[in-house]
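Source file: final-v8.cif (mmCIF, C-alpha atoms)
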data_query
#
loop_
_atom_site.label_atom_id
_atom_site.label_comp_id
_atom_site.auth_asym_id
_atom_site.auth_seq_id
_atom_site.Cartn_x
_atom_site.Cartn_y
_atom_site.Cartn_z
CA MET P 521 -0.24 12.38 -11.15
CA LYS P 522 -1.53 8.84 -10.57
CA ALA P 523 -5.10 7.89 -9.74
CA VAL P 524 -6.41 4.83 -7.92
CA ASP P 525 -9.39 2.79 -9.11
CA THR P 526 -12.07 1.18 -6.95
CA ASN P 527 -10.70 -2.35 -6.98
CA ILE P 528 -7.33 -1.31 -5.57
CA LEU P 529 -9.11 0.65 -2.81
CA VAL P 530 -11.31 -2.36 -1.97
CA TYR P 531 -8.34 -4.73 -1.85
CA ALA P 532 -6.39 -2.29 0.31
CA HIS P 533 -9.29 -2.00 2.75
CA ARG P 534 -10.51 -5.59 2.96
CA GLU P 535 -8.07 -7.75 4.92
CA ASP P 536 -9.80 -10.86 3.56
CA SER P 537 -8.81 -9.94 0.00
CA PRO P 538 -6.12 -12.17 -1.53
CA PHE P 539 -4.47 -8.96 -2.80
CA HIS P 540 -4.75 -7.04 0.47
CA GLU P 541 -1.06 -6.68 1.32
CA GLN P 542 0.00 -5.59 -2.16
CA ALA P 543 -2.87 -3.13 -2.53
CA LEU P 544 -2.41 -1.74 0.98
CA GLN P 545 1.29 -1.14 0.35
CA CYS P 546 0.48 0.58 -2.94
CA VAL P 547 -2.22 2.89 -1.54
CA THR P 548 -0.24 3.64 1.62
CA ALA P 549 2.86 4.59 -0.37
CA ILE P 550 0.87 6.92 -2.61
CA ALA P 551 -1.20 8.44 0.21
CA GLU P 552 1.83 9.07 2.40
CA GLY P 553 3.98 10.37 -0.44
CA ARG P 554 4.57 13.96 -1.40
CA SER P 555 3.37 13.67 -4.99
CA PRO P 556 -0.24 14.52 -5.77
CA TRP P 557 -2.49 11.53 -6.40
CA GLY P 558 -6.13 11.16 -7.26
CA ILE P 559 -9.27 9.19 -6.61
CA PRO P 560 -12.29 9.81 -8.82
CA TRP P 561 -15.48 10.48 -6.81
CA PRO P 562 -17.28 7.61 -8.56
CA CYS P 563 -14.57 5.25 -7.25
CA LEU P 564 -15.21 6.38 -3.67
CA HIS P 565 -18.96 5.85 -4.17
CA GLU P 566 -18.37 2.42 -5.69
CA PHE P 567 -15.91 1.50 -2.91
CA PHE P 568 -18.57 2.29 -0.32
CA ALA P 569 -21.23 0.32 -2.19
CA ILE P 570 -19.01 -2.75 -2.60
CA VAL P 571 -17.45 -3.07 0.85
CA THR P 572 -20.77 -2.56 2.65
CA HIS P 573 -22.75 -4.94 0.43
CA PRO P 574 -23.78 -8.13 2.31
CA LYS P 575 -23.99 -10.15 -0.91
CA ILE P 576 -20.40 -9.32 -1.82
CA PHE P 577 -18.72 -9.64 1.58
CA ASP P 578 -19.71 -11.81 4.53
CA PRO P 579 -19.51 -9.96 6.78
CA PRO P 580 -19.65 -6.63 4.97
CA THR P 581 -17.65 -3.69 6.21
CA PRO P 582 -19.72 -1.80 8.81
CA LEU P 583 -20.94 1.59 7.58
CA ALA P 584 -18.88 3.48 10.17
CA ALA P 585 -15.69 1.64 9.15
CA ALA P 586 -16.30 2.36 5.45
CA ILE P 587 -16.87 6.04 6.25
CA ASP P 588 -13.73 6.12 8.40
CA GLN P 589 -11.70 4.59 5.56
CA ILE P 590 -12.89 7.14 3.03
CA GLU P 591 -12.22 9.98 5.48
CA ALA P 592 -8.70 8.63 6.09
CA TRP P 593 -7.97 8.79 2.36
CA LEU P 594 -9.53 12.26 2.13
CA GLU P 595 -7.16 13.44 4.88
CA SER P 596 -4.13 12.71 2.70
CA PRO P 597 -2.72 16.18 2.04
CA SER P 598 -1.61 15.19 -1.45
CA LEU P 599 -4.98 13.74 -2.55
CA VAL P 600 -6.93 15.36 -5.37
CA VAL P 601 -10.50 14.09 -5.58
CA LEU P 602 -11.43 13.95 -9.26
CA SER P 603 -14.81 15.10 -10.55
CA GLU P 604 -16.28 16.35 -13.77
CA GLN P 605 -14.74 19.61 -14.89
CA SER P 606 -14.48 21.71 -18.01
CA GLY P 607 -13.78 19.48 -20.99
CA TYR P 608 -15.28 16.40 -19.35
CA TRP P 609 -18.14 15.89 -21.81
CA SER P 610 -15.82 16.28 -24.79
CA ALA P 611 -13.39 13.74 -23.31
CA LEU P 612 -16.19 11.29 -22.49
CA LYS P 613 -17.66 11.59 -25.99
CA GLN P 614 -14.23 10.94 -27.52
CA LEU P 615 -13.90 7.77 -25.41
CA VAL P 616 -17.36 6.28 -25.91
CA THR P 617 -17.73 6.85 -29.64
CA PRO P 618 -14.80 4.82 -31.04
CA ALA P 619 -15.05 2.13 -28.35
CA ARG P 620 -18.84 1.85 -28.90
CA ILE P 621 -19.46 2.09 -25.16
CA CYS P 622 -22.99 1.48 -23.96
CA GLY P 623 -24.88 0.36 -20.86
CA ALA P 624 -22.89 -0.32 -17.71
CA GLN P 625 -19.59 0.26 -19.56
CA ILE P 626 -20.23 4.00 -19.22
CA HIS P 627 -19.04 3.81 -15.59
CA ASP P 628 -15.45 3.02 -16.63
CA ALA P 629 -15.62 5.56 -19.44
CA ARG P 630 -16.71 8.19 -16.94
CA ILE P 631 -13.72 7.44 -14.70
CA ALA P 632 -11.37 7.47 -17.69
CA ALA P 633 -12.73 10.85 -18.86
CA MET P 634 -12.25 12.34 -15.39
CA CYS P 635 -8.69 11.06 -15.29
CA ILE P 636 -7.92 12.44 -18.73
CA THR P 637 -9.36 15.89 -17.99
CA HIS P 638 -7.37 16.05 -14.73
CA GLY P 639 -4.13 15.12 -16.49
CA ILE P 640 -3.72 11.77 -14.76
CA SER P 641 -0.56 10.10 -16.04
CA GLU P 642 -1.54 6.60 -14.90
CA LEU P 643 -4.60 4.85 -13.45
CA LEU P 644 -3.75 2.11 -10.98
CA THR P 645 -6.31 -0.64 -11.52
CA ALA P 646 -6.74 -4.39 -11.78
CA ASP P 647 -9.62 -3.87 -14.22
CA ARG P 648 -8.54 -4.73 -17.75
CA ASP P 649 -11.67 -3.11 -19.17
CA PHE P 650 -9.89 0.23 -19.01
CA GLY P 651 -7.76 -1.06 -21.88
CA ARG P 652 -10.64 0.09 -24.14
CA PHE P 653 -9.39 3.62 -23.62
CA PRO P 654 -5.91 3.96 -25.17
CA ALA P 655 -5.78 7.65 -24.22
CA LEU P 656 -5.44 6.59 -20.56
CA LYS P 657 -2.35 4.73 -19.37
CA ILE P 658 -3.22 1.97 -16.90
CA ARG P 659 -1.06 -0.19 -14.64
CA ASN P 660 -1.95 -3.08 -12.37
CA PRO P 661 0.12 -2.54 -9.20
CA LEU P 662 -0.76 -6.05 -8.01
CA ILE P 663 1.39 -7.64 -10.72
CA THR P 664 5.11 -7.64 -10.04
CA ALA P 665 7.62 -6.99 -12.80
CA GLN P 666 8.37 -10.75 -12.92
CA GLN P 667 4.69 -11.55 -13.59
CA ALA P 668 4.22 -8.90 -16.27
#
Conversion result in structure tokens:
Amino acid sequence: MKAVDTNILVYAHREDSPFHEQALQCVTAIAEGRSPWGIPWPCLHEFFAIVTHPKIFDPPTPLAAAIDQIEAWLESPSLVVLSEQSGYWSALKQLVTPARICGAQIHDARIAAMCITHGISELLTADRDFGRFPALKIRNPLITAQQA
């Protein structure tokens, strides 16, 4: 099962993003496919915070439109929303200790631990910081095979 990180969701939603078309195609293909896919709850929270923030986007996404977008993703019959479950703390501890994670870096570690405990095979993200966690396979769907 693949999971989608915040940045891919933001790019798919915001038409003014330079990566909008690629991200939208990626998310649409996954959401409309038959295979299960995941979004960690923290990524949905972060998506909402980013797209509605007036210092990040001018104009920001209206609250109702951000809510509608999240609800559209939640309606995907193959979506699994990822949250903390049994084994989460152990997975998080195993990620933060060797990588010496502290401060704001815990957010990415939290997402990685959720993905690992849910058996995610690949996290789709443009955030290279997830490379700190070798136990989680990551792929940037915005880079074509020719660019890689």
Closest atom pairs, region 579-653 of chain P residues within 6 Å of region 534-557 of chain P, all atoms listed in the file, as CSV:
residue,atom,partner,partner_atom,distance
P:Ser596,CA,P:Ala551,CA,5.7
P:Ser598,CA,P:Pro556,CA,4.6
P:Leu599,CA,P:Trp557,CA,5.1
P:Val600,CA,P:Trp557,CA,6.0
*Exactly which residues make up the result of the PyMOL selection byres ((chain P and resi 638-647) around 7) on this file, given as a ChimeraX atom specification?*
/P:521-525,527-528,634-637,648-650,656-661
*Would you kindly return, as a list in words, each protein, DNA or RNA residue with an atom no farther than 12 Å from any atom of His565 (chain P), considering only C-alpha atoms and excluding same-chain residues fewer than 3 positions away?*
Asp525, Thr526, Asn527, Leu529, Val530, Ile559, Pro560, Trp561, Pro562, Phe568, Ala569, Ile570, Val571, Thr572, Ala586, Ile587, Ile590, Val601, Ser603, His627 and Ile631 of chain P
*Looking at only C-alpha atoms, which of P:Glu604, P:Arg652, P:Tyr531, P:Leu594 is the one that sits closest to Arg620 (chain P)?*
P:Arg652
*asked:* What does the structure give for the distance between CA of Ala619 (chain P) and CA of Phe653 (chain P), in Å to one decimal?
replied: 7.5 Å
_Distance criterion (only C-alpha atoms): nearest to Pro580 (chain P) out of P:Ile663, P:Pro654, P:Gly623, P:His533_ =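 Among the listed residues, the smallest separation from Pro580 (chain P) belongs to P:His533.
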*Nearest to Tyr608 (chain P) by atom-to-atom distance, counting all atoms listed in the file, from P:Ala584, P:Ala624, P:Cys563, P:Ala629*: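 Ranking P:Ala584, P:Ala624, P:Cys563, P:Ala629 by distance to Tyr608 (chain P), first place goes to P:Ala629.
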Give, as lines of an AutoDock Vina configuration file, the centre coordinates and the x, y and z edge lengths in Å to one decimal for an axis-aligned box around all listed atoms of region 549-554 of chain P, padded by 8 Å on each side.
center_x = 1.7
center_y = 9.3
center_z = -0.1
size_x = 21.8
size_y = 25.4
size_z = 21.0
*Out of P:Cys622, P:Leu662, P:Leu564, P:Gly651, which residue has the shortest atom-to-atom distance to Trp593 (chain P) when counting all atoms listed in the file?*
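Under the stated criterion, the closest residue is P:Leu564.
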*Can you tell me how far CA of Ala633 (chain P) sits from CA of Thr581 (chain P), in Å to one decimal?*
29.4 Å
*Straight-line distance linking CA of His573 (chain P) with CA of Ile621 (chain P), stated in Å to one decimal*: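 Separation of CA of His573 (chain P) and CA of Ile621 (chain P): 26.7 Å.
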